[in-house]
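Undergrad: Below: one structure in structure tokens.
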Amino acid sequence: MTATITQNYQITWEKLPEDYILPDEPVDNINQPALAAALTQSLELAGKLPPNALTPTNYGICANLNGQTVVKAPDWAYIPKIIVTREEVIRSYTPQLEGDLPVIVMEFLSDKDGGEYSIKPTYPPGKWFFYECILKVPNYAIFEPASGNLEVYRLDQNTGRYTIQTPNNSQHYWIAEMNLYLGVWQGTHENRTGNWLRWWDESEQLLLWGAELVEQEKQRAERLAAQLRAAGIEPQD
């Protein structure tokens with residue numbers, strides 16, 4: 001167990017008590033699981049998801065503030081490395097104690113009360129305050145699927161506060177810790193047509209989903225077959 005002091009809080013990193021009752025609430029929107037799964041899938045298929053990385057979805061990340069347990073569940077997060085077995089983080093995850101801090105957390109806007117923007121510092125603290133001042137997550141993304149609006153905030157190392165980022169000319173945001181860009185893509189995936197969050201590599205090449213890789217390979221095979229036929233060779237099945 002390690003401890004730090006932030007404002008009036010003594011922060012300790014402790015495992016979630018076995019008898020702690022986690023909130024049993026359904027996700028706010030039917031689109032949230034698909035949006036989160038799509039982010040992880042493309043990382044894995046591109047070979048950018050290390051074996052010990054964790055990409056939790058609507059899953060509790062814990063800290064202990066002045067002896068009181070705080071659990072927040074971002075809609076998606078990227079944790080580069082855990083140092084315990086996955087069986088030990090089935091219910092929740094405690095940074096510092098069980099592995100790295102998240103390098104990015106994401107919230108998909110659906111709360112009518114704007115909880116994703118809550119800077120409430122008193123117990124229990126708001127989400128924004130928890131990510132910014134307690135966990136000190138370097139990147140915080142807030143995405144509104146209906147409109148496609150994406151806000152990316154980065155922790156200023158001098159002030160310790162989030163500052164909103166400006167996208168590049170492609171409307172992509174650089175996430176330095178992942179060596180990837182994050183942006184919005186419009187289209188259809190898993191029977192859902194709308195706005196999606198997607199990754200681009202440092203060359204701004206889109207990280208593809210499984211269905212896109214299959215289609216890409218199909219087109220490649222068709223082009224090769226056409227080239228063979230043009231050369232008088234009948235391709236073999």
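Residue numbering restarts at 1 in every chain; chains get A, B, ... in the order shown in the structure tokens, and ligands count up from 1 in that same order.
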Show me, as an MDAnalysis selection string, the residues that have an atom within 12 Å of stretch 30-46 of chain A when counting only C-alpha atoms, minus same-chain residues fewer than 4 positions from it.
TA: chainID A and resid 26 50:51 53:59 74:79 105:110 143:146 178:185 188:201 205:214
Undergrad: Can you tell me, as a list in words, what residues are no more than 9 Å from A:Asp100 when counting only C-alpha atoms, ignoring any on the same chain fewer than 3 positions away?
TA: Ile79, Pro80, Lys81, Ile82, Ile83, Thr94, Pro95, Gln96, Leu97 and Val103 of chain A
Undergrad: Restricted to N, CA and C atoms, what would the selected residues look like written as an mmCIF file, in the first residue's frame?
TA:
data_model
loop_
_atom_site.group_PDB
_atom_site.id
_atom_site.type_symbol
_atom_site.label_atom_id
_atom_site.label_comp_id
_atom_site.auth_asym_id
_atom_site.auth_seq_id
_atom_site.Cartn_x
_atom_site.Cartn_y
_atom_site.Cartn_z
ATOM 1 N N ILE A 79 -5.140 0.574 -19.799
ATOM 2 C CA ILE A 79 -4.121 0.405 -18.767
ATOM 3 C C ILE A 79 -2.988 -0.395 -19.399
ATOM 4 N N PRO A 80 -1.803 0.184 -19.558
ATOM 5 C CA PRO A 80 -0.729 -0.477 -20.307
ATOM 6 C C PRO A 80 -0.279 -1.810 -19.734
ATOM 7 N N LYS A 81 -0.281 -1.934 -18.407
ATOM 8 C CA LYS A 81 0.261 -3.162 -17.825
ATOM 9 C C LYS A 81 -0.307 -3.399 -16.432
ATOM 10 N N ILE A 82 -0.787 -4.631 -16.208
ATOM 11 C CA ILE A 82 -1.137 -5.052 -14.857
ATOM 12 C C ILE A 82 -0.055 -6.004 -14.375
ATOM 13 N N ILE A 83 0.168 -6.035 -13.067
ATOM 14 C CA ILE A 83 1.237 -6.857 -12.506
ATOM 15 C C ILE A 83 0.691 -8.015 -11.676
ATOM 16 N N THR A 94 -7.156 -1.651 -8.894
ATOM 17 C CA THR A 94 -6.555 -0.592 -8.092
ATOM 18 C C THR A 94 -5.200 -0.220 -8.687
ATOM 19 N N PRO A 95 -5.089 0.965 -9.295
ATOM 20 C CA PRO A 95 -3.797 1.396 -9.835
ATOM 21 C C PRO A 95 -2.729 1.437 -8.743
ATOM 22 N N GLN A 96 -1.473 1.432 -9.171
ATOM 23 C CA GLN A 96 -0.311 1.450 -8.291
ATOM 24 C C GLN A 96 -0.147 0.117 -7.562
ATOM 25 N N LEU A 97 -1.240 -0.415 -6.985
ATOM 26 C CA LEU A 97 -1.168 -1.679 -6.265
ATOM 27 C C LEU A 97 -1.149 -2.865 -7.225
ATOM 28 N N VAL A 103 -3.769 5.320 -18.955
ATOM 29 C CA VAL A 103 -3.214 6.441 -19.710
ATOM 30 C C VAL A 103 -4.314 7.223 -20.419
#
Undergrad: Quick one: DSSP alpha helix (DSSP H) residues in stretch 107-222 of chain A, as an mmCIF file with N, CA and C atoms, in the first residue's frame?
TA:
data_model
loop_
_atom_site.group_PDB
_atom_site.id
_atom_site.type_symbol
_atom_site.label_atom_id
_atom_site.label_comp_id
_atom_site.auth_asym_id
_atom_site.auth_seq_id
_atom_site.Cartn_x
_atom_site.Cartn_y
_atom_site.Cartn_z
ATOM 1 N N LYS A 127 -16.537 12.515 -11.223
ATOM 2 C CA LYS A 127 -15.688 11.771 -12.157
ATOM 3 C C LYS A 127 -14.492 12.597 -12.620
ATOM 4 N N TRP A 128 -14.762 13.823 -13.061
ATOM 5 C CA TRP A 128 -13.677 14.671 -13.574
ATOM 6 C C TRP A 128 -12.615 14.848 -12.500
ATOM 7 N N PHE A 129 -13.015 15.196 -11.278
ATOM 8 C CA PHE A 129 -12.072 15.401 -10.191
ATOM 9 C C PHE A 129 -11.278 14.128 -9.904
ATOM 10 N N GLY A 210 -12.076 -6.461 -37.644
ATOM 11 C CA GLY A 210 -11.987 -7.776 -38.262
ATOM 12 C C GLY A 210 -12.693 -7.865 -39.600
ATOM 13 N N ALA A 211 -13.914 -7.353 -39.664
ATOM 14 C CA ALA A 211 -14.677 -7.429 -40.907
ATOM 15 C C ALA A 211 -13.984 -6.653 -42.026
ATOM 16 N N GLU A 212 -13.344 -5.548 -41.674
ATOM 17 C CA GLU A 212 -12.632 -4.750 -42.681
ATOM 18 C C GLU A 212 -11.390 -5.471 -43.179
ATOM 19 N N LEU A 213 -10.712 -6.173 -42.272
ATOM 20 C CA LEU A 213 -9.537 -6.952 -42.684
ATOM 21 C C LEU A 213 -9.936 -8.077 -43.622
ATOM 22 N N VAL A 214 -11.075 -8.721 -43.335
ATOM 23 C CA VAL A 214 -11.574 -9.788 -44.215
ATOM 24 C C VAL A 214 -11.897 -9.221 -45.592
ATOM 25 N N GLU A 215 -12.570 -8.071 -45.626
ATOM 26 C CA GLU A 215 -12.927 -7.449 -46.895
ATOM 27 C C GLU A 215 -11.680 -7.010 -47.653
ATOM 28 N N GLN A 216 -10.704 -6.501 -46.931
ATOM 29 C CA GLN A 216 -9.449 -6.084 -47.547
ATOM 30 C C GLN A 216 -8.746 -7.267 -48.196
ATOM 31 N N GLU A 217 -8.724 -8.398 -47.497
ATOM 32 C CA GLU A 217 -8.087 -9.599 -48.041
ATOM 33 C C GLU A 217 -8.868 -10.135 -49.241
ATOM 34 N N LYS A 218 -10.190 -10.049 -49.183
ATOM 35 C CA LYS A 218 -11.023 -10.488 -50.307
ATOM 36 C C LYS A 218 -10.728 -9.652 -51.551
ATOM 37 N N GLN A 219 -10.628 -8.337 -51.379
ATOM 38 C CA GLN A 219 -10.331 -7.463 -52.516
ATOM 39 C C GLN A 219 -8.938 -7.730 -53.072
ATOM 40 N N ARG A 220 -7.990 -7.983 -52.165
ATOM 41 C CA ARG A 220 -6.620 -8.293 -52.607
ATOM 42 C C ARG A 220 -6.612 -9.567 -53.444
ATOM 43 N N ALA A 221 -7.367 -10.584 -52.984
ATOM 44 C CA ALA A 221 -7.428 -11.848 -53.718
ATOM 45 C C ALA A 221 -8.096 -11.663 -55.081
ATOM 46 N N GLU A 222 -9.131 -10.823 -55.123
ATOM 47 C CA GLU A 222 -9.814 -10.574 -56.400
ATOM 48 C C GLU A 222 -8.899 -9.856 -57.375
#
Undergrad: Compile a residue-level contact table for stretch 24-71 of chain A against stretch 132-136 of chain A at a cut-off of 10 Å, reporting for every qualifying residue the shortest atom pair and its distance in Å to one decimal, with only C-alpha atoms counted, rows ordered by chain and ascending number, as JSON lines.
TA:
{"residue": "A:Ile61", "atom": "CA", "partner": "A:Leu135", "partner_atom": "CA", "distance": 9.2}
{"residue": "A:Cys62", "atom": "CA", "partner": "A:Leu135", "partner_atom": "CA", "distance": 9.1}
{"residue": "A:Ala63", "atom": "CA", "partner": "A:Ile134", "partner_atom": "CA", "distance": 7.9}
{"residue": "A:Asn64", "atom": "CA", "partner": "A:Ile134", "partner_atom": "CA", "distance": 9.7}
{"residue": "A:Leu65", "atom": "CA", "partner": "A:Ile134", "partner_atom": "CA", "distance": 8.9}
Undergrad: Residues as selected, N, CA and C atoms, written as a PDB file, in the first residue's frame, can you do that?
TA:
ATOM      1  N   ILE A  61     -12.593   1.337 -11.177  1.00  0.00           N
ATOM      2  CA  ILE A  61     -11.210   1.683 -10.872  1.00  0.00           C
ATOM      3  C   ILE A  61     -11.217   2.355  -9.504  1.00  0.00           C
ATOM      4  N   CYS A  62     -10.360   1.865  -8.603  1.00  0.00           N
ATOM      5  CA  CYS A  62     -10.502   2.187  -7.182  1.00  0.00           C
ATOM      6  C   CYS A  62      -9.377   3.053  -6.625  1.00  0.00           C
ATOM      7  N   ALA A  63      -9.720   3.789  -5.602  1.00  0.00           N
ATOM      8  CA  ALA A  63      -8.749   4.472  -4.747  1.00  0.00           C
ATOM      9  C   ALA A  63      -9.385   4.599  -3.372  1.00  0.00           C
ATOM     10  N   ASN A  64      -8.560   4.807  -2.366  1.00  0.00           N
ATOM     11  CA  ASN A  64      -9.061   4.978  -1.013  1.00  0.00           C
ATOM     12  C   ASN A  64      -8.722   6.391  -0.567  1.00  0.00           C
ATOM     13  N   LEU A  65      -9.748   7.168  -0.237  1.00  0.00           N
ATOM     14  CA  LEU A  65      -9.562   8.569   0.126  1.00  0.00           C
ATOM     15  C   LEU A  65      -9.938   8.767   1.590  1.00  0.00           C
TER      16      LEU A  65
END
Undergrad: I'd like to know which of A:Asn169, A:Leu22, A:Arg161, A:Leu224 is closest to A:Ser92, using only C-alpha atoms.
TA: A:Leu22
Undergrad: Which of stretch 4-221 of chain A end up as strand (DSSP E or B) when DSSP is run on this backbone - answer as a ChimeraX atom specification?
TA: /A:4-6,9-12,54,60-65,68-72,76-79,82,92-93,99,104-108,139-144,149-155,162-164,173-175,180-189,192-200,206
Undergrad: How many Å separate atom CA of A:Lys120 from atom CA of A:Lys15?
TA: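 Interatomic distance, atom CA of A:Lys120 to atom CA of A:Lys15: 23.9 Å.
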